[in-house]
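> Take a look at target_31.txt, compact mmCIF, C-alpha atoms:
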# COMPACT_ATOMS: atom_id res chain seq x y z
CA MET Z 1 59.95 113.66 114.40
CA ARG Z 2 62.59 115.90 115.86
CA CYS Z 3 63.85 113.04 117.96
CA PHE Z 4 64.16 110.86 114.89
CA LYS Z 5 66.12 113.52 113.04
CA LEU Z 6 68.49 113.75 115.94
CA VAL Z 7 68.88 110.00 116.02
CA CYS Z 8 69.64 109.97 112.32
CA LEU Z 9 72.13 112.77 112.46
CA SER Z 10 73.82 111.92 115.71
CA LEU Z 11 73.96 108.16 115.54
CA THR Z 12 74.59 107.68 111.88
CA GLY Z 13 75.58 111.11 110.66
CA VAL Z 14 74.85 109.91 107.20
CA LEU Z 15 74.68 112.01 104.10
CA LEU Z 16 73.07 109.24 102.22
CA ALA Z 17 70.63 106.52 103.03
CA ALA Z 18 68.20 104.37 101.17
CA VAL Z 19 65.64 101.67 101.48
CA ALA Z 20 66.20 97.99 101.07
CA ALA Z 21 65.03 95.63 98.43
CA GLY Z 22 61.40 94.81 98.11
CA GLN Z 23 60.15 98.14 99.38
CA GLU Z 24 56.60 98.70 98.20
CA LEU Z 25 55.67 101.69 96.11
CA GLU Z 26 54.21 104.66 97.88
CA LYS Z 27 52.37 107.71 96.62
CA PHE Z 28 54.21 110.96 97.19
CA ARG Z 29 52.57 114.34 96.77
CA LEU Z 30 54.45 117.42 95.75
CA LYS Z 31 53.50 120.74 97.25
CA SER Z 32 53.35 122.17 93.75
CA GLY Z 33 50.33 119.98 93.06
CA GLY Z 34 49.59 117.55 90.26
CA ASP Z 35 49.09 113.82 90.44
CA PRO Z 36 50.89 111.96 93.20
CA VAL Z 37 54.11 110.25 92.18
CA GLU Z 38 54.01 106.52 92.74
CA ALA Z 39 57.53 105.54 93.65
CA ARG Z 40 59.79 104.38 96.41
CA PRO Z 41 62.64 106.27 98.03
CA VAL Z 42 66.07 105.25 96.82
CA SER Z 43 68.28 107.67 98.64
CA TRP Z 44 68.17 110.81 100.70
CA ASP Z 45 71.09 113.19 100.65
CA PHE Z 46 70.70 114.87 104.01
CA GLN Z 47 73.31 117.49 103.28
CA ASN Z 48 71.74 118.73 100.08
CA GLY Z 49 68.16 117.90 100.99
CA GLN Z 50 67.70 115.85 97.83
CA LEU Z 51 65.46 112.83 97.76
CA THR Z 52 65.82 110.27 94.98
CA LEU Z 53 62.70 108.33 94.06
CA MET Z 54 62.29 105.41 91.71
CA LYS Z 55 59.03 105.03 89.81
CA ALA Z 56 57.33 101.77 88.93
CA ASP Z 57 58.89 101.71 85.47
CA GLY Z 58 62.38 102.01 86.93
CA THR Z 59 62.95 105.66 86.06
CA VAL Z 60 64.59 107.75 88.73
CA MET Z 61 63.61 111.26 89.74
CA GLU Z 62 65.13 113.65 92.23
CA VAL Z 63 63.05 116.04 94.29
CA ALA Z 64 63.91 118.45 97.03
CA ALA Z 65 62.77 117.02 100.33
CA ALA Z 66 61.27 120.41 101.09
CA ASP Z 67 58.97 120.06 98.07
CA LEU Z 68 57.19 117.04 99.49
CA HIS Z 69 54.20 117.32 101.76
CA ALA Z 70 55.18 117.00 105.40
CA SER Z 71 53.20 113.81 105.86
CA ASP Z 72 54.97 112.24 102.91
CA MET Z 73 58.36 113.21 104.28
CA ARG Z 74 57.34 111.55 107.54
CA LEU Z 75 56.69 108.42 105.51
CA VAL Z 76 60.17 108.66 104.02
CA GLU Z 77 61.61 109.09 107.48
CA ARG Z 78 59.74 106.04 108.76
CA ILE Z 79 61.17 103.98 105.93
CA LEU Z 80 64.67 105.24 106.65
CA LYS Z 81 64.25 104.71 110.35
CA LYS Z 82 63.25 101.13 109.71
CA GLN Z 83 66.33 100.73 107.58
CA PHE Z 84 68.63 102.18 110.21
CA LEU Z 85 67.17 100.07 112.95
CA ALA Z 86 67.65 96.99 110.83
CA GLY Z 87 71.33 97.79 111.18
CA ARG Z 88 72.39 96.09 108.02
CA LYS Z 89 75.88 97.45 107.87
CA GLY Z 90 77.81 97.16 104.66
CA GLN Z 91 74.96 96.18 102.41
CA SER Z 92 74.21 97.89 99.16
CA ILE Z 93 71.84 100.74 99.82
CA THR Z 94 70.31 100.57 96.38
CA PRO Z 95 67.34 98.23 95.95
CA ASP Z 96 68.52 95.00 94.39
CA ALA Z 97 65.45 94.55 92.27
CA ASP Z 98 63.07 97.06 90.82
CA PRO Z 99 59.33 96.79 90.22
CA ALA Z 100 59.88 96.20 86.53
CA GLY Z 101 61.87 93.10 87.35
CA ASN Z 102 65.22 94.38 86.11
CA SER Z 103 68.32 93.26 87.91
CA VAL Z 104 70.37 95.86 89.65
CA ASP Z 105 73.24 95.21 87.25
CA ASN Z 106 71.18 96.11 84.23
CA ARG Z 107 69.53 99.09 85.81
CA SER Z 108 72.00 100.84 87.98
CA GLY Z 109 75.16 98.78 87.98
CA GLY Z 110 74.95 98.13 91.69
CA ASP Z 111 75.70 101.66 92.71
CA VAL Z 112 75.47 102.49 96.35
CA GLY Z 113 74.14 105.95 95.89
CA ARG Z 114 75.40 109.47 95.61
CA LEU Z 115 77.87 111.42 97.66
CA HIS Z 116 77.75 115.16 97.07
CA GLY Z 117 75.81 114.41 93.90
CA VAL Z 118 78.38 111.96 92.53
CA ARG Z 119 77.43 108.34 91.92
CA TRP Z 120 79.65 105.86 93.74
CA PHE Z 121 79.79 102.10 93.37
CA ASP Z 122 80.85 99.78 96.14
CA ASN Z 123 82.81 97.39 93.93
CA GLU Z 124 85.05 97.52 90.90
CA SER Z 125 83.16 95.04 88.80
CA ASP Z 126 79.95 97.07 88.65
CA ALA Z 127 81.87 100.30 88.13
CA GLN Z 128 83.78 98.70 85.24
CA LYS Z 129 80.56 97.90 83.42
CA VAL Z 130 79.65 101.56 83.36
CA ALA Z 131 83.22 102.73 82.69
CA SER Z 132 83.54 100.46 79.68
CA GLY Z 133 80.30 101.80 78.26
CA SER Z 134 78.85 98.31 78.16
CA ASP Z 135 75.72 99.57 79.87
CA GLY Z 136 75.17 101.85 76.88
CA SER Z 137 75.15 104.94 79.05
CA GLN Z 138 78.25 106.73 77.79
CA ASP Z 139 81.61 106.33 76.11
CA GLU Z 140 84.54 104.80 77.92
CA ARG Z 141 85.57 106.62 81.06
CA PRO Z 142 88.39 105.99 83.49
CA LEU Z 143 87.72 104.73 86.98
CA VAL Z 144 88.46 106.47 90.24
CA TRP Z 145 89.09 103.93 92.96
CA PHE Z 146 88.98 105.32 96.47
CA ARG Z 147 90.72 102.72 98.59
CA VAL Z 148 89.97 103.62 102.16
CA LEU Z 149 90.29 102.25 105.64
CA GLY Z 150 86.68 102.08 106.75
CA ASP Z 151 83.25 102.52 105.30
CA MET Z 152 82.76 105.31 102.79
CA THR Z 153 79.13 105.62 103.81
CA GLY Z 154 79.76 105.30 107.54
CA PHE Z 155 82.73 105.38 109.85
CA MET Z 156 86.10 105.82 108.22
CA MET T 1 88.63 113.71 101.89
CA ARG T 2 85.04 112.54 101.94
CA THR T 3 83.95 115.66 103.77
CA VAL T 4 86.18 118.28 102.21
CA SER T 5 87.75 117.22 98.91
CA PHE T 6 84.92 115.17 97.45
CA SER T 7 82.41 117.91 98.23
CA GLN T 8 84.23 120.69 96.37
CA PRO T 9 82.01 121.69 93.42
CA ASN T 10 84.70 121.50 90.74
CA VAL T 11 85.77 118.08 92.03
CA CYS T 12 82.17 116.85 91.98
CA LYS T 13 81.74 118.12 88.45
CA LEU T 14 84.93 116.49 87.21
CA LEU T 15 84.12 113.19 88.93
CA ASP T 16 80.56 113.14 87.68
CA GLN T 17 81.32 114.00 84.07
CA ASN T 18 84.61 112.28 83.39
CA PHE T 19 84.99 109.33 85.74
CA VAL T 20 83.19 106.36 87.21
CA CYS T 21 83.80 106.12 90.94
CA PHE T 22 83.95 103.19 93.29
CA HIS T 23 85.31 102.58 96.74
CA THR T 24 86.59 99.61 98.66
CA SER T 25 87.58 99.20 102.26
CA THR T 26 91.05 98.10 103.31
CA GLU T 27 89.74 96.90 106.65
CA GLY T 28 91.75 93.84 107.63
CA ASP T 29 94.51 94.52 105.12
CA PRO T 30 97.86 94.19 106.90
CA THR T 31 99.22 97.17 104.97
CA ALA T 32 96.35 99.43 106.02
CA GLY T 33 97.22 102.00 108.63
CA GLN T 34 95.22 102.85 111.68
CA SER T 35 93.18 105.91 112.38
CA ILE T 36 90.53 107.42 114.56
CA ARG T 37 87.20 106.79 112.89
CA HIS T 38 85.04 109.66 111.71
CA ARG T 39 81.41 109.83 110.76
CA PRO T 40 80.37 111.52 107.50
CA GLY T 41 79.09 114.57 109.33
CA ASP T 42 82.10 115.07 111.58
CA PRO T 43 84.03 118.30 111.04
CA ALA T 44 87.17 117.80 109.03
CA GLY T 45 90.56 118.08 110.69
CA MET T 46 93.66 119.72 109.32
CA CYS T 47 95.67 117.65 106.86
CA ILE T 48 98.43 118.22 104.38
CA ARG T 49 98.87 116.50 101.07
CA GLY T 50 99.86 112.88 101.53
CA ASN T 51 98.76 112.49 105.16
CA GLY T 52 97.36 109.06 105.94
CA GLN T 53 98.85 107.44 102.86
CA GLN T 54 98.20 103.96 104.23
CA ASN T 55 94.61 104.88 105.04
CA VAL T 56 93.41 106.39 101.79
CA GLN T 57 94.54 106.01 98.22
CA THR T 58 92.89 107.55 95.18
CA ILE T 59 93.73 105.34 92.25
CA PHE T 60 92.96 105.96 88.59
CA LEU T 61 92.25 102.98 86.39
CA THR T 62 91.40 102.26 82.80
CA PRO T 63 88.01 100.58 82.34
CA ALA T 64 89.97 97.33 82.10
CA GLY T 65 91.30 97.85 85.61
CA GLU T 66 94.85 99.00 84.78
CA ILE T 67 96.35 101.61 87.08
CA PHE T 68 97.69 104.71 85.36
CA HIS T 69 97.83 107.21 88.22
CA VAL T 70 97.76 107.19 92.01
CA VAL T 71 97.42 109.75 94.76
CA THR T 72 98.18 108.33 98.18
CA GLY T 73 96.99 110.01 101.32
CA PHE T 74 95.03 113.18 101.71
CA ALA T 75 94.60 115.55 98.79
CA SER T 76 92.78 118.84 99.19
CA GLY T 77 89.94 119.70 96.84
CA ASP T 78 92.21 121.91 94.75
CA ASP T 79 94.92 119.26 94.61
CA LEU T 80 92.42 116.55 93.80
CA ALA T 81 90.97 118.66 90.99
CA GLN T 82 94.46 118.99 89.51
CA GLU T 83 94.97 115.25 89.73
CA LEU T 84 91.60 114.60 88.10
CA LEU T 85 92.49 116.89 85.22
CA TYR T 86 95.85 115.19 84.82
CA ALA T 87 94.27 111.73 84.91
CA HIS T 88 91.61 112.76 82.42
CA GLU T 89 94.27 114.04 80.03
CA LEU T 90 96.45 110.96 80.42
CA PHE T 91 93.49 108.67 79.84
CA GLY T 92 92.79 110.61 76.63
CA GLU T 93 96.36 109.91 75.51
CA LEU T 94 95.88 106.22 76.23
CA GLN T 95 92.69 106.16 74.22
CA GLN T 96 94.42 107.84 71.29
CA ALA T 97 97.27 105.36 71.53
CA SER T 98 94.85 102.47 71.28
CA ARG T 99 93.97 103.73 67.81
CA LYS T 100 97.63 104.29 66.85
CA PRO T 101 99.52 101.35 68.31
CA GLU T 102 103.03 102.62 67.57
CA ARG T 103 103.51 103.58 71.22
CA ALA T 104 103.05 101.04 73.95
CA PRO T 105 100.46 102.20 76.52
CA ALA T 106 102.79 101.37 79.42
CA SER T 107 105.49 103.66 78.05
CA ILE T 108 102.95 106.45 77.57
CA VAL T 109 102.06 106.18 81.25
CA ALA T 110 105.66 106.07 82.45
CA ASP T 111 106.76 108.92 80.17
CA SER T 112 103.83 111.08 81.23
CA HIS T 113 104.71 110.68 84.90
CA ARG T 114 108.38 111.41 84.26
CA LYS T 115 107.42 114.54 82.38
CA ARG T 116 105.14 115.70 85.15
CA LEU T 117 107.81 115.20 87.79
CA ALA T 118 110.26 117.13 85.63
CA ASN T 119 107.73 119.96 85.42
CA TYR T 120 107.58 119.95 89.22
CA GLY T 121 111.33 120.53 89.29
CA PHE T 122 112.56 117.02 90.03
CA SER T 123 115.85 116.06 88.44
CA ASP T 124 116.31 112.93 86.35
CA GLN T 125 118.36 111.48 89.19
CA GLN T 126 115.53 112.06 91.67
CA ILE T 127 112.94 110.68 89.29
CA GLU T 128 114.87 107.47 88.77
CA SER T 129 115.97 107.16 92.40
CA GLN T 130 114.88 104.22 94.47
CA GLY T 131 112.22 105.59 96.76
CA MET T 132 111.93 104.54 100.36
CA LEU T 133 108.72 103.97 102.20
CA LEU T 134 109.01 104.26 105.95
CA GLY T 135 105.89 102.94 107.57
CA GLY T 136 104.08 103.71 104.38
CA MET T 137 105.34 107.28 104.33
CA ALA T 138 107.65 108.36 101.59
CA MET T 139 110.99 109.74 102.67
CA PRO T 140 110.96 113.52 102.48
CA ASP T 141 112.62 114.96 99.46
CA LEU T 142 115.74 116.17 101.26
CA ASN T 143 116.99 118.12 98.29
CA ALA T 144 113.76 120.07 98.21
CA MET T 145 114.05 120.62 101.94
CA MET T 146 117.47 122.17 101.54
CA ASN T 147 116.51 124.07 98.41
CA PRO T 148 112.84 124.88 98.80
CA THR T 149 111.75 125.92 95.37
CA GLY T 150 108.59 125.07 93.52
CA SER T 151 106.19 124.69 96.41
CA MET T 152 103.67 121.92 95.91
CA ASN T 153 101.49 122.97 98.75
CA ARG T 154 98.85 125.05 97.09
CA GLY T 155 97.63 126.19 100.45
CA GLY T 156 100.24 128.88 100.92
CA ASN T 157 103.70 130.24 100.31
CA GLN T 158 106.87 129.03 101.91
CA THR T 159 107.94 131.61 104.40
CA THR T 160 109.25 129.53 107.31
CA PRO T 161 111.59 126.57 107.74
CA ALA T 162 108.58 124.56 108.90
CA ALA T 163 106.85 125.27 105.62
CA GLY T 164 109.96 123.99 103.88
CA VAL T 165 109.81 120.75 105.84
CA PHE T 166 106.14 120.26 105.05
CA ASP T 167 106.74 121.01 101.42
CA ALA T 168 109.60 118.52 101.35
CA MET T 169 107.28 115.88 102.81
CA ILE T 170 104.65 116.65 100.21
CA ARG T 171 107.21 116.52 97.44
CA GLY T 172 108.48 113.20 98.74
CA GLN T 173 104.99 111.74 98.65
CA VAL T 174 104.23 113.12 95.20
CA LEU T 175 107.56 111.75 93.97
CA ALA T 176 106.74 108.32 95.40
CA ASP T 177 103.28 108.27 93.79
CA HIS T 178 104.65 109.10 90.37
CA GLN T 179 107.56 106.70 90.76
CA PHE T 180 105.07 103.94 91.47
CA CYS T 181 103.41 104.60 88.11
CA ILE T 182 106.76 104.83 86.32
CA ARG T 183 107.87 101.48 87.73
CA ASN T 184 104.51 99.76 87.54
CA PRO T 185 102.75 101.24 84.53
CA LEU T 186 99.31 99.73 84.03
CA MET T 187 99.59 97.35 86.95
CA THR T 188 96.18 95.79 87.39
CA SER T 189 93.98 96.43 90.38
CA ARG T 190 94.12 92.72 91.17
CA GLN T 191 97.90 92.77 91.26
CA LEU T 192 97.79 95.71 93.62
CA GLU T 193 95.28 94.00 95.87
CA ARG T 194 97.55 90.99 96.06
CA ASP T 195 100.45 93.15 97.22
CA PRO T 196 99.40 96.66 98.30
CA ALA T 197 102.79 97.11 99.98
CA VAL T 198 104.28 97.98 96.63
CA LEU T 199 102.26 101.20 96.81
CA VAL T 200 101.88 101.94 100.50
CA GLY T 201 104.78 100.09 102.10
CA SER T 202 104.53 97.38 104.68
CA GLY T 203 105.06 99.35 107.86
CA GLN T 204 102.43 100.49 110.26
CA SER T 205 101.26 104.05 110.47
CA PHE T 206 98.67 105.80 112.54
CA PHE T 207 96.74 108.71 111.15
CA MET T 208 94.80 111.20 113.21
CA SER T 209 93.27 114.51 112.30
CA ASN T 210 91.37 116.67 114.70
CA SER T 211 89.13 119.65 114.54
CA SER T 212 87.80 122.15 116.99
CA GLY T 213 84.48 121.70 115.26
CA ASN T 214 84.47 125.27 114.02
Go ahead and express the file in the form of structure tokens.

Amino acid sequence: MRCFKLVCLSLTGVLLAAVAAGQELEKFRLKSGGDPVEARPVSWDFQNGQLTLMKADGTVMEVAAADLHASDMRLVERILKKQFLAGRKGQSITPDADPAGNSVDNRSGGDVGRLHGVRWFDNESDAQKVASGSDGSQDERPLVWFRVLGDMTGFM
Amino acid sequence: MRTVSFSQPNVCKLLDQNFVCFHTSTEGDPTAGQSIRHRPGDPAGMCIRGNGQQNVQTIFLTPAGEIFHVVTGFASGDDLAQELLYAHELFGELQQASRKPERAPASIVADSHRKRLANYGFSDQQIESQGMLLGGMAMPDLNAMMNPTGSMNRGGNQTTPAAGVFDAMIRGQVLADHQFCIRNPLMTSRQLERDPAVLVGSGQSFFMSNSSGN
């Protein structure tokens, strides 16, 4: 476990990571009790300790990683480890299809995840859909385009 | 910027509530500079406003993809927050104008940038001057260097000649960013991608920041 954390932090140094498409649902138990949450991990903000889970119906919930049972966090880590080892650089780190069969465009607009709690897209087209309000989420908003030499989620 | 500016709470709040964010990589772009690569968790090095202008650009667009404000190079969290507030306000003006079409949106953008530069103490002559980009870096505002008033570096006061030089460099970069918007109001993102040199120059620059890790 400790070794894996070190690998994650030293080799990738990521703040954000997520599982790939087609990940099966898992049952996660909160320390506070109640029924297990059937979902799959979408992203894990290492810095803030926030885990984002997506339920079967496509709804997203955020939980503190510390609130999950240790064994369940190990499961999350295994999933992430698998993802890292797959080494799929540059891909979207949001699942491209959800269990309800919605496309990523309809559901999340192809966002790549959150950085310091802010949602970032990896292309203008998907961001424009949200900015124009065509996804029904909000009124028109301007776009912030961070044009950078390198990978926003990796080396830059 | 990823480590410092984008993590500042007021910046996060402004970005989350008022903007939709996306990023692209300029890898392979001939106008992109060069730099030492950093991982997300690496400690941030020291930068001043405008450093690495060929490496990072923060560009504000309408939902239709028209550019109405740019910030090239590094911007601290405080500076970025100011730019976000300015962009939010200017976008509001553009939205209002779309309901009252007596003013052309492009002129609203250009006039807003002229007004902002005037508020920073730039003269009309400086605002309308032909800027020069050397290796992607704007020429320092020599007038400001000789007459250091109106510091734009929010990090501290000007007390030394060196501070005056840095402030002149910052002012030169800020002037160049605003001049871009005055001369190219509502340029589309596609137009910029076809010729990024119009914003960042066509020279080659190398950007490096370092940190002791403390």
> Using the file's own x, y and z axes, what box holds all listed atoms of range 170-181 of chain T with 4 Å on each side, keeping edges along x, y and z, and what are its centre and edge lengths in Å to one decimal, as JSON?

{"center_x": 105.9, "center_y": 110.3, "center_z": 94.2, "size_x": 13.2, "size_y": 20.7, "size_z": 20.1}
> Using all atoms listed in the file, which residue out of T:Gln125, T:Asn119, T:Asn10, T:Gln179 lies closest to chain Z?
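So, comparing all the options, the nearest one is T:Asn10.
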> Looking at Z:Asp122, Z:Asp139, Z:Glu26, Z:Asp72, which one is nearest to Thr24 in chain T, with distances taken over only C-alpha atoms?
Z:Asp122
> Kindly provide, as JSON, numbers by chain, the residues of chain T having any atom no farther than 6 Å from an atom of chain Z, counting all atoms listed in the file.
{"T": [7, 16, 19, 20, 21, 22, 23, 24, 25, 26, 27, 37, 38, 39, 40, 41, 55, 56, 57, 58, 59, 60, 61, 62, 63]}
> Grab the CA of Thr31 in chain T to CA of Glu193 in chain T distance for me, in Å with one decimal place.
10.4 Å
> If I take CA of Asp177 in chain T and CA of Asp78 in chain T, how far is one from the other in Å, to one decimal?
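Spanning CA of Asp177 in chain T to CA of Asp78 in chain T is a straight-line distance of 17.6 Å.
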> CA of Val109 in chain T and CA of His88 in chain T are how many Å apart?
12.4 Å
> Identify, on the basis of only C-alpha atoms, every residue whose closest approach to Ala97 in chain T does not exceed 12 Å; exclude the query and any residue fewer than 6 positions from it along the same chain; express the result as a ChimeraX atom specification.
/T:90-91,103-109
> For Trp44 in chain Z, which of Z:Leu75, Z:Ala64, Z:Leu25, Z:Ala70 is the closest residue, counting all atoms listed in the file?
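The shortest atom-to-atom distance to Trp44 in chain Z comes from Z:Ala64.
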> May I ask which of the residues T:Gln82, T:Gln173, T:Asp29, T:Tyr120 is the closest one to Pro196 in chain T, counting all atoms listed in the file?
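Checking each candidate against Pro196 in chain T, we get T:Asp29 as the closest.
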> Which protein, DNA or RNA residues are at most 8 Å from (112.8, 108.1, 94.7) in the file's coordinates when you count all atoms listed in the file, listed as a list in words?
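It turns out the residues near that spot are Gln126, Ile127, Glu128, Ser129, Gln130, Gly131, Met132, Gly172, Leu175, Ala176 and Gln179 of chain T.
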> Take the residues from that selection and put them in a file with C-alpha atoms, as an mmCIF file, in the coordinates of the input.

data_model
loop_
_atom_site.group_PDB
_atom_site.id
_atom_site.type_symbol
_atom_site.label_atom_id
_atom_site.label_comp_id
_atom_site.auth_asym_id
_atom_site.auth_seq_id
_atom_site.Cartn_x
_atom_site.Cartn_y
_atom_site.Cartn_z
ATOM 1 C CA GLN T 126 115.530 112.060 91.670
ATOM 2 C CA ILE T 127 112.940 110.680 89.290
ATOM 3 C CA GLU T 128 114.870 107.470 88.770
ATOM 4 C CA SER T 129 115.970 107.160 92.400
ATOM 5 C CA GLN T 130 114.880 104.220 94.470
ATOM 6 C CA GLY T 131 112.220 105.590 96.760
ATOM 7 C CA MET T 132 111.930 104.540 100.360
ATOM 8 C CA GLY T 172 108.480 113.200 98.740
ATOM 9 C CA LEU T 175 107.560 111.750 93.970
ATOM 10 C CA ALA T 176 106.740 108.320 95.400
ATOM 11 C CA GLN T 179 107.560 106.700 90.760
#
> So that I can look at just that part, could you write range 5-79 of chain T with C-alpha atoms, as an mmCIF file, in the first residue's frame?

data_model
loop_
_atom_site.group_PDB
_atom_site.id
_atom_site.type_symbol
_atom_site.label_atom_id
_atom_site.label_comp_id
_atom_site.auth_asym_id
_atom_site.auth_seq_id
_atom_site.Cartn_x
_atom_site.Cartn_y
_atom_site.Cartn_z
ATOM 1 C CA SER T 5 -2.470 30.547 -9.289
ATOM 2 C CA PHE T 6 -5.149 28.003 -10.128
ATOM 3 C CA SER T 7 -5.181 26.731 -6.551
ATOM 4 C CA GLN T 8 -5.861 30.094 -4.912
ATOM 5 C CA PRO T 9 -9.339 29.884 -3.338
ATOM 6 C CA ASN T 10 -10.708 33.109 -4.815
ATOM 7 C CA VAL T 11 -9.446 32.085 -8.263
ATOM 8 C CA CYS T 12 -11.071 28.664 -7.924
ATOM 9 C CA LYS T 13 -14.328 30.261 -6.878
ATOM 10 C CA LEU T 14 -14.322 32.728 -9.761
ATOM 11 C CA LEU T 15 -13.413 30.037 -12.297
ATOM 12 C CA ASP T 16 -16.004 27.611 -10.998
ATOM 13 C CA GLN T 17 -18.887 30.059 -10.817
ATOM 14 C CA ASN T 18 -18.349 32.341 -13.773
ATOM 15 C CA PHE T 19 -16.350 30.509 -16.422
ATOM 16 C CA VAL T 20 -16.036 27.238 -18.275
ATOM 17 C CA CYS T 21 -12.424 26.114 -18.437
ATOM 18 C CA PHE T 22 -10.521 24.100 -20.977
ATOM 19 C CA HIS T 23 -6.894 23.561 -21.804
ATOM 20 C CA THR T 24 -4.928 22.629 -24.878
ATOM 21 C CA SER T 25 -1.287 21.807 -25.354
ATOM 22 C CA THR T 26 0.955 23.780 -27.683
ATOM 23 C CA GLU T 27 3.345 20.856 -27.968
ATOM 24 C CA GLY T 28 4.744 20.876 -31.493
ATOM 25 C CA ASP T 29 3.643 24.437 -32.198
ATOM 26 C CA PRO T 30 6.587 26.323 -33.711
ATOM 27 C CA THR T 31 5.676 29.422 -31.704
ATOM 28 C CA ALA T 32 5.697 27.551 -28.402
ATOM 29 C CA GLY T 33 8.683 28.223 -26.208
ATOM 30 C CA GLN T 34 10.725 25.674 -24.374
ATOM 31 C CA SER T 35 10.842 24.947 -20.701
ATOM 32 C CA ILE T 36 11.904 22.492 -18.073
ATOM 33 C CA ARG T 37 8.973 20.190 -17.429
ATOM 34 C CA HIS T 38 7.309 20.060 -14.043
ATOM 35 C CA ARG T 39 4.994 17.540 -12.486
ATOM 36 C CA PRO T 40 1.777 18.696 -10.788
ATOM 37 C CA GLY T 41 3.231 18.124 -7.352
ATOM 38 C CA ASP T 42 6.541 19.876 -7.936
ATOM 39 C CA PRO T 43 7.151 22.969 -5.818
ATOM 40 C CA ALA T 44 6.549 26.171 -7.710
ATOM 41 C CA GLY T 45 9.454 28.381 -8.693
ATOM 42 C CA MET T 46 9.630 32.140 -8.576
ATOM 43 C CA CYS T 47 7.998 33.965 -11.470
ATOM 44 C CA ILE T 48 6.920 37.464 -12.266
ATOM 45 C CA ARG T 49 3.923 38.492 -14.284
ATOM 46 C CA GLY T 50 4.376 37.661 -17.948
ATOM 47 C CA ASN T 51 7.193 35.121 -17.556
ATOM 48 C CA GLY T 52 6.993 32.271 -20.052
ATOM 49 C CA GLN T 53 4.636 34.099 -22.377
ATOM 50 C CA GLN T 54 5.273 31.610 -25.169
ATOM 51 C CA ASN T 55 4.650 28.710 -22.810
ATOM 52 C CA VAL T 56 1.355 29.661 -21.216
ATOM 53 C CA GLN T 57 -1.475 31.891 -22.311
ATOM 54 C CA THR T 58 -4.746 32.405 -20.478
ATOM 55 C CA ILE T 59 -7.294 33.407 -23.071
ATOM 56 C CA PHE T 60 -10.866 34.519 -22.493
ATOM 57 C CA LEU T 61 -13.458 33.637 -25.097
ATOM 58 C CA THR T 62 -17.136 34.118 -25.697
ATOM 59 C CA PRO T 63 -19.091 30.855 -25.891
ATOM 60 C CA ALA T 64 -18.832 31.255 -29.664
ATOM 61 C CA GLY T 65 -15.052 31.123 -29.442
ATOM 62 C CA GLU T 66 -14.259 34.827 -29.903
ATOM 63 C CA ILE T 67 -11.302 36.166 -27.949
ATOM 64 C CA PHE T 68 -12.014 39.211 -25.814
ATOM 65 C CA HIS T 69 -9.107 39.162 -23.364
ATOM 66 C CA VAL T 70 -5.695 37.543 -23.043
ATOM 67 C CA VAL T 71 -3.074 37.170 -20.346
ATOM 68 C CA THR T 72 0.198 35.828 -21.679
ATOM 69 C CA GLY T 73 2.736 34.240 -19.411
ATOM 70 C CA PHE T 74 2.612 33.745 -15.697
ATOM 71 C CA ALA T 75 0.020 35.539 -13.596
ATOM 72 C CA SER T 76 -0.026 35.206 -9.834
ATOM 73 C CA GLY T 77 -3.223 34.189 -8.088
ATOM 74 C CA ASP T 78 -3.983 37.791 -7.172
ATOM 75 C CA ASP T 79 -3.277 39.006 -10.688
#
